[in-house]
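Visitor: Structure in structure tokens, see below.
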Amino acid sequence: MKFADLILPVAVGDLYTYSIPQEMQSKIFIGMRCKVSFGPSKTYIGLIRHLHDEEPKEYKVKPIKELIDESPLYSEKQLKFNDWISQYYMCTYGDAFKAALPASMRGEEETYKPKLEKCVRLAKDFSEEELAQTSDKLSLGRSRAQEKLFLAYLNLSQISFQEKPKEVKQNDLLRVANVSSSVLKALCNKKILQVYSEEVSRIPKFEGETQDLYKLSESQEEAYKSIKNQFEDKDTVLLYGVTSSGKTEVYTHLINDTLKEGKQVLYLLPEIALTSQLTERLQSFFGKDLTVYHSKFSSQERVEVWKKMQSKNPYPIVLGARSSIFLPFNNLGLIIIDEEHETSYKQQSPAPRYHARDAALVLAKRLGAKCLLGSATPSIESAHNSQTGKYGMVKLEKRYSNVELPEIILADTLEARKRNSMKASFTPLLYTSIKESLEKGKQILLFQNRRGYASFVKCDSCGEPLKCKHCDISLTYHKFSNKLICHHCGFTQDMAHQCPNCDSNELSIHGLGTEKIEEQVAKLFPKSVCKRMDLDTAGTKNKIDTIIEDFQNHKIDILIGTQMISKGLDFDNVSVVGVMNADSIINFPDFRAYERAYQLLAQVAGRAGRRGERGKVIIQTSEIENPIFSYVINNDFNRMYYYQVKERKEFVYPPFYRMIEIIVSSKNESSSNSAAKVLALQLKQLFGIRISGPFDPLLHKVNNKYYKHIILKIEPQASISKAKRILLDTVNNLKHQKGRSQISIRFNVDPQ
Ligand code: ADP
Ligand code: ZN
Ligand code: ZN
């Protein structure tokens, strides 16, 4: 073949054709990377997508400069999956390429360098006799240190003449022998030892012993069998199991079966905060067979996992966040999507704005793998898909060893305020429960979905809240640093003492953040140890892990946190879970608000009383009559589902209609407004009532950019790909109009 169509990491959607130099023609295959020049001066790394003999007529092609890989990075099936991502989520091939490959493999960062470590070996092949002689000589000599070092080497290398000696790292050797490096130098000069460099892995290896899988309980065994049964004629099964029913245990048995068939498993998690607890748990069964993969890995670490996945013996199990769906699996048998209802599976920015759950289902289909979705609070979409028979469905309705589900009690803040019986932000009920629980040596989780000290600072004179300069949103007061911070763009300023609108000095602090709760707990329960886990205190993976570990080891009595503490964590001594303020959760202006509120509350509640005694959950709210609470209290997913589905159907929302959000933005408010207006008008002519908007999104100004949204809703019978084509054409035409070059228009398919 003489020509290659490449995917390049650029913002335009098409493939780019280059010619293949003669000498490359026998070595080039689809799925390899190569270097090409682009425009007048740039060099890019591209991925070869098609090979052909058709010379483009419109322009003169440039030759490929250099071929990077000796074998394809991706199989045709996976390339097709990447194509699907860009088509379905309406982004460029380049965007999907960027999501799929670590930056250093795309040439955008320092290239991958293997990590080298100094090791020590014998300077030559000693015979047994020579070795003994050397040992004697050293012991007679004057240097005790040299003898010590030599013996330490023999020990560490476990030298025997039947097998290759073990690899001995220089650092380990010097540490064990407890001598300086000059001693090692002396033995090297005497031609006894030798230092050499060895390529080592950056990915920590599992060192411990593995154990057998736990025996499944009767109901778990039933669920396990039923899943296998349903996999016979369904590609996807939803495991709906209450919190702490042992879904993870069921997964381990399915993983084990898949490995036995010689196939790979991808275990997806919505959030990397959860990986450590789970990694430990899975490694105790599967040891070195498991690797972790997520965005907190350095680019170099990611390349290592990539290379290993491509090698002849790839990792059998990958535990990862959403980006792991792009790893080069060559023999995938099962994808587990844990906590499938989680919105963090959807990538918000940058493009591709893909939903890892939905994309994983497509990947599984293409690679011939099965998919298991797991949740205690399934998404309406997945529940609907199992109801209509598209997915299989298995239930686990009891907690493991029949621990009762926690008792959920509402605490009426309105009433408590009237009676003046609140202690700071705590109702008498929550306060007493915490007190009793502390006395029994139990632990407590307190949940508040807002970090910082207070939600906002308001001017009492003109009533205006203090807003971010760059976004249309209130600043959050952080007491410890005495700063006002914008949680959207990160803008930070010192606490203000004057209203920027009216210069009044009467500013007051409102709302309740995690930091303020921490302060109140310290006052109300001075003897307890209290910690906070949110983005401010646990910005890094290590800090998260430390807090979780400390809580597990009961070094912390009361843990206060945001969303971070609501999910998946498995603690065994929590007797009380408090939701500080549920009002803000149920009043979120979004068609999914109720579904989300149910999920969030049920998940937080699920952290209570996972072993032994029944746990207690106290939800503080001023709206105790709201029906959502009765669903949560009675663990009545079905009723919540029934009413939600009815509403979604009536108001034409997913899962009955598909949604595409069209996001228009510009630094200039009036150009953003006018472009959105014109676009909506044109789209209405094409799509009729399926188009609504333009309107201001919840955040209409972020980072000095002004946003407008237009929504397209498409009925199930219509062709979604045709709709997308029309949409793209219309938008491209608009972009080419005069004066619209500063406008950015993006798509968000299946917005969450
Ligand atoms: P889920 O994922 O459904 O929330 P987990 O799998 O975390 O539930 O199980 C809850 C707890 O019960 C875990 O600590 C787990 O080790 C334990 N457990 C569940 N099933 C078994 C079993 N068959 N044998 C031993 N322990 C189990
Ligand atoms: Zn004012
Ligand atoms: Zn801001």
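Chain lettering (A, B, ...) mirrors the order of the structure tokens, residue numbering begins at 1 for each chain separately, and ligand numbering begins at 1 in order of display.
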Write out as a ChimeraX atom specification each polymer residue (protein, DNA or RNA) that has an atom no more than 7 Å from ligand 1, with only C-alpha atoms and all ligand atoms counted.

Guide: /A:214-217,241-249,400,568,570,610

Visitor: Report as a list in words which protein, DNA and RNA residues come within 8 Å of ligand 3, using only C-alpha atoms and all ligand atoms.

Guide: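 Using only C-alpha atoms and all ligand atoms, I find these residues within 8 Å of ligand 3: Cys468, Lys469, His470, Cys471, Asp472, Ile473, Leu475, Ile485, Cys486, His487, His488, Cys489, Gly490, Phe491, Val702 and Asn703 of chain A.
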
Visitor: Write down as a ChimeraX atom specification the residues belonging to range 371-546 of chain A that are assigned strand (DSSP E) by DSSP computed on the backbone.

Guide: /A:371-375,392-396,407-412,443-447,456-459,476-478,483-485,492-494,507-510,530-533

Visitor: Would you mind exporting C-alpha atoms of the selected residues as a CSV table (one decimal), in the first residue's frame?

Guide:
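Written output follows (selection-v2.csv):
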```
chain,number,residue,atom,x,y,z
A,371,CYS,CA,-20.7,-7.3,31.3
A,372,LEU,CA,-21.8,-7.2,34.9
A,373,LEU,CA,-23.3,-4.0,36.3
A,374,GLY,CA,-23.4,-3.8,40.0
A,375,SER,CA,-25.1,-1.4,42.3
A,392,GLY,CA,-30.5,-9.8,32.8
A,393,MET,CA,-31.2,-9.0,36.4
A,394,VAL,CA,-30.1,-10.6,39.7
A,395,LYS,CA,-31.0,-9.5,43.2
A,396,LEU,CA,-29.2,-9.8,46.5
A,407,GLU,CA,-32.5,2.0,60.7
A,408,ILE,CA,-33.0,5.3,58.9
A,409,ILE,CA,-34.6,8.2,61.0
A,410,LEU,CA,-35.5,11.7,59.9
A,411,ALA,CA,-34.6,14.6,62.1
A,412,ASP,CA,-36.8,17.6,61.6
A,443,GLN,CA,-17.4,5.3,65.1
A,444,ILE,CA,-19.4,8.0,63.3
A,445,LEU,CA,-19.6,9.3,59.7
A,446,LEU,CA,-21.0,12.8,59.1
A,447,PHE,CA,-21.9,13.7,55.5
A,456,PHE,CA,-21.3,31.8,50.9
A,457,VAL,CA,-20.8,35.3,52.4
A,458,LYS,CA,-23.6,37.8,52.0
A,459,CYS,CA,-23.9,41.5,52.4
A,476,THR,CA,-17.0,29.7,49.5
A,477,TYR,CA,-15.5,30.9,52.7
A,478,HIS,CA,-12.6,28.8,54.1
A,483,LYS,CA,-9.8,32.9,52.1
A,484,LEU,CA,-12.7,33.0,49.7
A,485,ILE,CA,-12.4,30.4,47.1
A,492,THR,CA,-8.9,32.6,45.6
A,493,GLN,CA,-8.9,35.9,47.5
A,494,ASP,CA,-8.5,37.0,51.1
A,507,LEU,CA,-21.0,40.9,55.8
A,508,SER,CA,-22.4,37.7,57.2
A,509,ILE,CA,-21.5,34.1,56.7
A,510,HIS,CA,-24.1,31.6,55.7
A,530,CYS,CA,-12.3,14.1,64.5
A,531,LYS,CA,-11.0,14.3,60.9
A,532,ARG,CA,-12.3,15.8,57.7
A,533,MET,CA,-12.1,14.2,54.3
```

Visitor: For Asn553 in chain A, please output as a list in words all residues within 12 Å (counting only C-alpha atoms; exclusion window: fewer than 2 positions along the same chain).

Guide: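 Near Asn553 in chain A, the qualifying residues are Lys442, Gln443, Thr546, Ile547, Ile548, Glu549, Asp550, Phe551, Lys555, Ile556, Asp557, Phe571, Asp572, Asn573 and Val574 of chain A.
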
Visitor: With only C-alpha atoms and all ligand atoms counted, collect every polymer residue having an atom within 7 Å of ligand 2; state the result as number ranges by chain.

Guide: A: 459-464, 499-504

Visitor: So the first atom is CA of Asp172 in chain A and the second is CA of Phe297 in chain A; what is the distance between them in Å, to one decimal place?

Guide: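 A separation of 25.5 Å between them.
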
Visitor: Hey, what's within 8 Å of range 36-49 of chain A if we count only C-alpha atoms and toss same-chain stuff fewer than 3 positions away? As number ranges by chain, please?

Guide: A: 4-9, 29-33, 62-66, 79, 106-107

Visitor: Got a sec: who's within 12 Å of range 678-680 of chain A, counting only C-alpha atoms, leaving out chain neighbours fewer than 5 positions off, as an NGL selection string?

Guide: :A and (661-664 or 671-673 or 685-695 or 708-712 or 727-735 or 737 or 740 or 743 or 745)

Visitor: To one decimal place, how far is CA of Phe591 in chain A from CA of Pro751 in chain A in Å?

Guide: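 These atoms are spaced 11.1 Å apart.
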
Visitor: Out of A:Tyr354, A:Pro697, A:Leu149, A:Glu301, which residue has the shortest atom-to-atom distance to Ser180 in chain A when counting only C-alpha atoms?

Guide: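 Smallest distance to Ser180 in chain A is found for A:Leu149.
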
Visitor: Excluding range 381-391 of chain A and any residue of its chain fewer than 4 positions from it, enumerate the residues within 8 Å of it, using only C-alpha atoms, and give them as a PyMOL selection string.

Guide: chain A and resi 234-238+654-655

Visitor: Just want the 12 Å neighbourhood of range 417-434 of chain A, counted on only C-alpha atoms, with same-chain residues fewer than 4 positions away dropped. Output as a PyMOL selection string.

Guide: chain A and resi 408-413+438-446+448+511-514+516-525+528+557-559+574-581+615-622

Visitor: As an NGL selection string, please: all residues of range 77-161 of chain A that backbone DSSP puts in helix (DSSP H, G or I).

Guide: :A and (77-88 or 93-100 or 103-105 or 128-140 or 144-157)

Visitor: Those residues with N, CA and C atoms, as a short mmCIF file (atom, residue, chain, number, x, y, z; two decimals), in the first residue's frame please?

Guide:
```
data_model
loop_
_atom_site.label_atom_id
_atom_site.label_comp_id
_atom_site.auth_asym_id
_atom_site.auth_seq_id
_atom_site.Cartn_x
_atom_site.Cartn_y
_atom_site.Cartn_z
N LYS A 77 -10.37 -4.30 16.01
CA LYS A 77 -11.59 -4.19 16.82
C LYS A 77 -11.51 -3.00 17.76
N GLN A 78 -10.34 -2.80 18.37
CA GLN A 78 -10.22 -1.69 19.30
C GLN A 78 -10.18 -0.35 18.60
N LEU A 79 -9.58 -0.35 17.41
CA LEU A 79 -9.61 0.89 16.63
C LEU A 79 -11.05 1.26 16.28
N LYS A 80 -11.83 0.24 15.96
CA LYS A 80 -13.24 0.49 15.64
C LYS A 80 -13.97 1.04 16.86
N PHE A 81 -13.58 0.54 18.03
CA PHE A 81 -14.17 1.05 19.27
C PHE A 81 -13.83 2.53 19.44
N ASN A 82 -12.58 2.89 19.19
CA ASN A 82 -12.19 4.30 19.29
C ASN A 82 -12.95 5.16 18.27
N ASP A 83 -13.15 4.61 17.06
CA ASP A 83 -13.95 5.32 16.06
C ASP A 83 -15.35 5.56 16.60
N TRP A 84 -15.88 4.51 17.23
CA TRP A 84 -17.24 4.62 17.77
C TRP A 84 -17.30 5.75 18.81
N ILE A 85 -16.30 5.82 19.68
CA ILE A 85 -16.27 6.88 20.71
C ILE A 85 -16.37 8.25 20.03
N SER A 86 -15.58 8.46 19.00
CA SER A 86 -15.60 9.80 18.41
C SER A 86 -16.91 10.06 17.65
N GLN A 87 -17.46 9.03 17.02
CA GLN A 87 -18.72 9.25 16.32
C GLN A 87 -19.88 9.44 17.30
N TYR A 88 -19.97 8.53 18.26
CA TYR A 88 -21.12 8.60 19.16
C TYR A 88 -21.08 9.85 20.02
N TYR A 93 -11.57 12.33 15.87
CA TYR A 93 -10.77 11.13 16.06
C TYR A 93 -9.59 11.44 16.98
N GLY A 94 -9.05 12.65 16.80
CA GLY A 94 -7.91 13.07 17.61
C GLY A 94 -8.25 13.11 19.10
N ASP A 95 -9.46 13.56 19.43
CA ASP A 95 -9.88 13.60 20.83
C ASP A 95 -9.90 12.19 21.43
N ALA A 96 -10.46 11.26 20.66
CA ALA A 96 -10.53 9.88 21.15
C ALA A 96 -9.12 9.29 21.29
N PHE A 97 -8.27 9.61 20.35
CA PHE A 97 -6.87 9.18 20.36
C PHE A 97 -6.17 9.69 21.63
N LYS A 98 -6.45 10.94 21.97
CA LYS A 98 -5.85 11.53 23.16
C LYS A 98 -6.32 10.84 24.43
N ALA A 99 -7.60 10.49 24.46
CA ALA A 99 -8.12 9.82 25.65
C ALA A 99 -7.54 8.42 25.77
N ALA A 100 -7.26 7.82 24.61
CA ALA A 100 -6.87 6.41 24.60
C ALA A 100 -5.41 6.19 24.99
N ALA A 103 -0.04 10.39 27.46
CA ALA A 103 0.55 11.54 26.77
C ALA A 103 1.93 11.25 26.19
N SER A 104 2.75 10.52 26.91
CA SER A 104 4.11 10.33 26.40
C SER A 104 4.15 9.40 25.19
N MET A 105 3.09 8.62 25.00
CA MET A 105 3.05 7.79 23.79
C MET A 105 2.54 8.59 22.59
N GLU A 128 32.28 -23.54 42.69
CA GLU A 128 31.97 -23.67 44.11
C GLU A 128 33.25 -23.49 44.93
N GLU A 129 34.33 -24.07 44.42
CA GLU A 129 35.60 -24.04 45.14
C GLU A 129 36.14 -22.61 45.22
N GLU A 130 36.08 -21.92 44.07
CA GLU A 130 36.57 -20.54 44.03
C GLU A 130 35.81 -19.65 45.01
N LEU A 131 34.54 -19.92 45.08
CA LEU A 131 33.70 -19.12 45.94
C LEU A 131 34.11 -19.30 47.41
N ALA A 132 34.35 -20.55 47.76
CA ALA A 132 34.78 -20.85 49.13
C ALA A 132 36.11 -20.18 49.42
N GLN A 133 37.00 -20.26 48.43
CA GLN A 133 38.33 -19.65 48.61
C GLN A 133 38.21 -18.15 48.83
N THR A 134 37.38 -17.52 47.98
CA THR A 134 37.22 -16.07 48.09
C THR A 134 36.71 -15.71 49.48
N SER A 135 35.75 -16.49 49.92
CA SER A 135 35.16 -16.26 51.23
C SER A 135 36.24 -16.36 52.32
N ASP A 136 37.06 -17.41 52.24
CA ASP A 136 38.13 -17.59 53.22
C ASP A 136 39.09 -16.42 53.21
N LYS A 137 39.48 -16.04 51.99
CA LYS A 137 40.46 -14.96 51.85
C LYS A 137 39.95 -13.69 52.53
N LEU A 138 38.67 -13.42 52.30
CA LEU A 138 38.10 -12.20 52.86
C LEU A 138 38.04 -12.28 54.38
N SER A 139 37.76 -13.47 54.90
CA SER A 139 37.64 -13.57 56.35
C SER A 139 39.01 -13.46 57.02
N LEU A 140 40.08 -13.87 56.29
CA LEU A 140 41.42 -13.74 56.85
C LEU A 140 41.95 -12.32 56.70
N ARG A 144 36.81 -6.42 57.80
CA ARG A 144 35.59 -7.10 58.26
C ARG A 144 34.42 -6.68 57.38
N ALA A 145 34.47 -5.40 56.99
CA ALA A 145 33.35 -4.86 56.22
C ALA A 145 33.21 -5.58 54.89
N GLN A 146 34.32 -5.84 54.23
CA GLN A 146 34.26 -6.53 52.93
C GLN A 146 33.70 -7.93 53.09
N GLU A 147 34.09 -8.60 54.16
CA GLU A 147 33.56 -9.93 54.39
C GLU A 147 32.05 -9.87 54.63
N LYS A 148 31.64 -8.89 55.44
CA LYS A 148 30.23 -8.74 55.75
C LYS A 148 29.41 -8.53 54.47
N LEU A 149 29.96 -7.69 53.60
CA LEU A 149 29.26 -7.38 52.36
C LEU A 149 29.14 -8.62 51.48
N PHE A 150 30.24 -9.35 51.39
CA PHE A 150 30.26 -10.53 50.55
C PHE A 150 29.24 -11.57 51.05
N LEU A 151 29.25 -11.77 52.37
CA LEU A 151 28.30 -12.74 52.94
C LEU A 151 26.86 -12.28 52.72
N ALA A 152 26.66 -10.99 52.87
CA ALA A 152 25.32 -10.46 52.65
C ALA A 152 24.89 -10.72 51.21
N TYR A 153 25.83 -10.56 50.28
CA TYR A 153 25.49 -10.83 48.88
C TYR A 153 25.08 -12.29 48.69
N LEU A 154 25.91 -13.20 49.27
CA LEU A 154 25.61 -14.63 49.11
C LEU A 154 24.23 -14.95 49.66
N ASN A 155 23.92 -14.30 50.77
CA ASN A 155 22.63 -14.52 51.38
C ASN A 155 21.47 -14.04 50.53
N LEU A 156 21.58 -12.78 50.11
CA LEU A 156 20.49 -12.18 49.35
C LEU A 156 20.28 -12.84 48.00
N SER A 157 21.38 -13.25 47.39
CA SER A 157 21.24 -13.86 46.06
C SER A 157 20.82 -15.32 46.18
#
```

Visitor: Between A:Ile336, A:Lys191, A:Pro328, A:Pro204, which residue has the minimum interatomic distance to Thr258 in chain A, considering only C-alpha atoms?

Guide: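 When distances to Thr258 in chain A are compared using only C-alpha atoms, the smallest one comes from A:Ile336.
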
Visitor: Of the residues A:Val183, A:Leu698, A:Cys34, A:Leu405, which is the one nearest to Asn634 in chain A, using only C-alpha atoms?

Guide: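 Closest to Asn634 in chain A of all the choices is A:Leu405.
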
Visitor: Quick one, how far is CA of Ile565 in chain A from CA of His341 in chain A?

Guide: 16.3 Å

Visitor: Which residue is closest to Lys190 in chain A? Choose from A:Ile317, A:Ile560, A:Leu122, A:Ala177 and count only C-alpha atoms.

Guide: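 Distance minimum relative to Lys190 in chain A lands on A:Leu122.
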
Visitor: With distances taken over only C-alpha atoms, which residue among A:Phe329, A:Gly612, A:Leu259, A:Glu209 lies nearest Glu280 in chain A?

Guide: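 Of the candidates, the smallest distance to Glu280 in chain A is held by A:Glu209.
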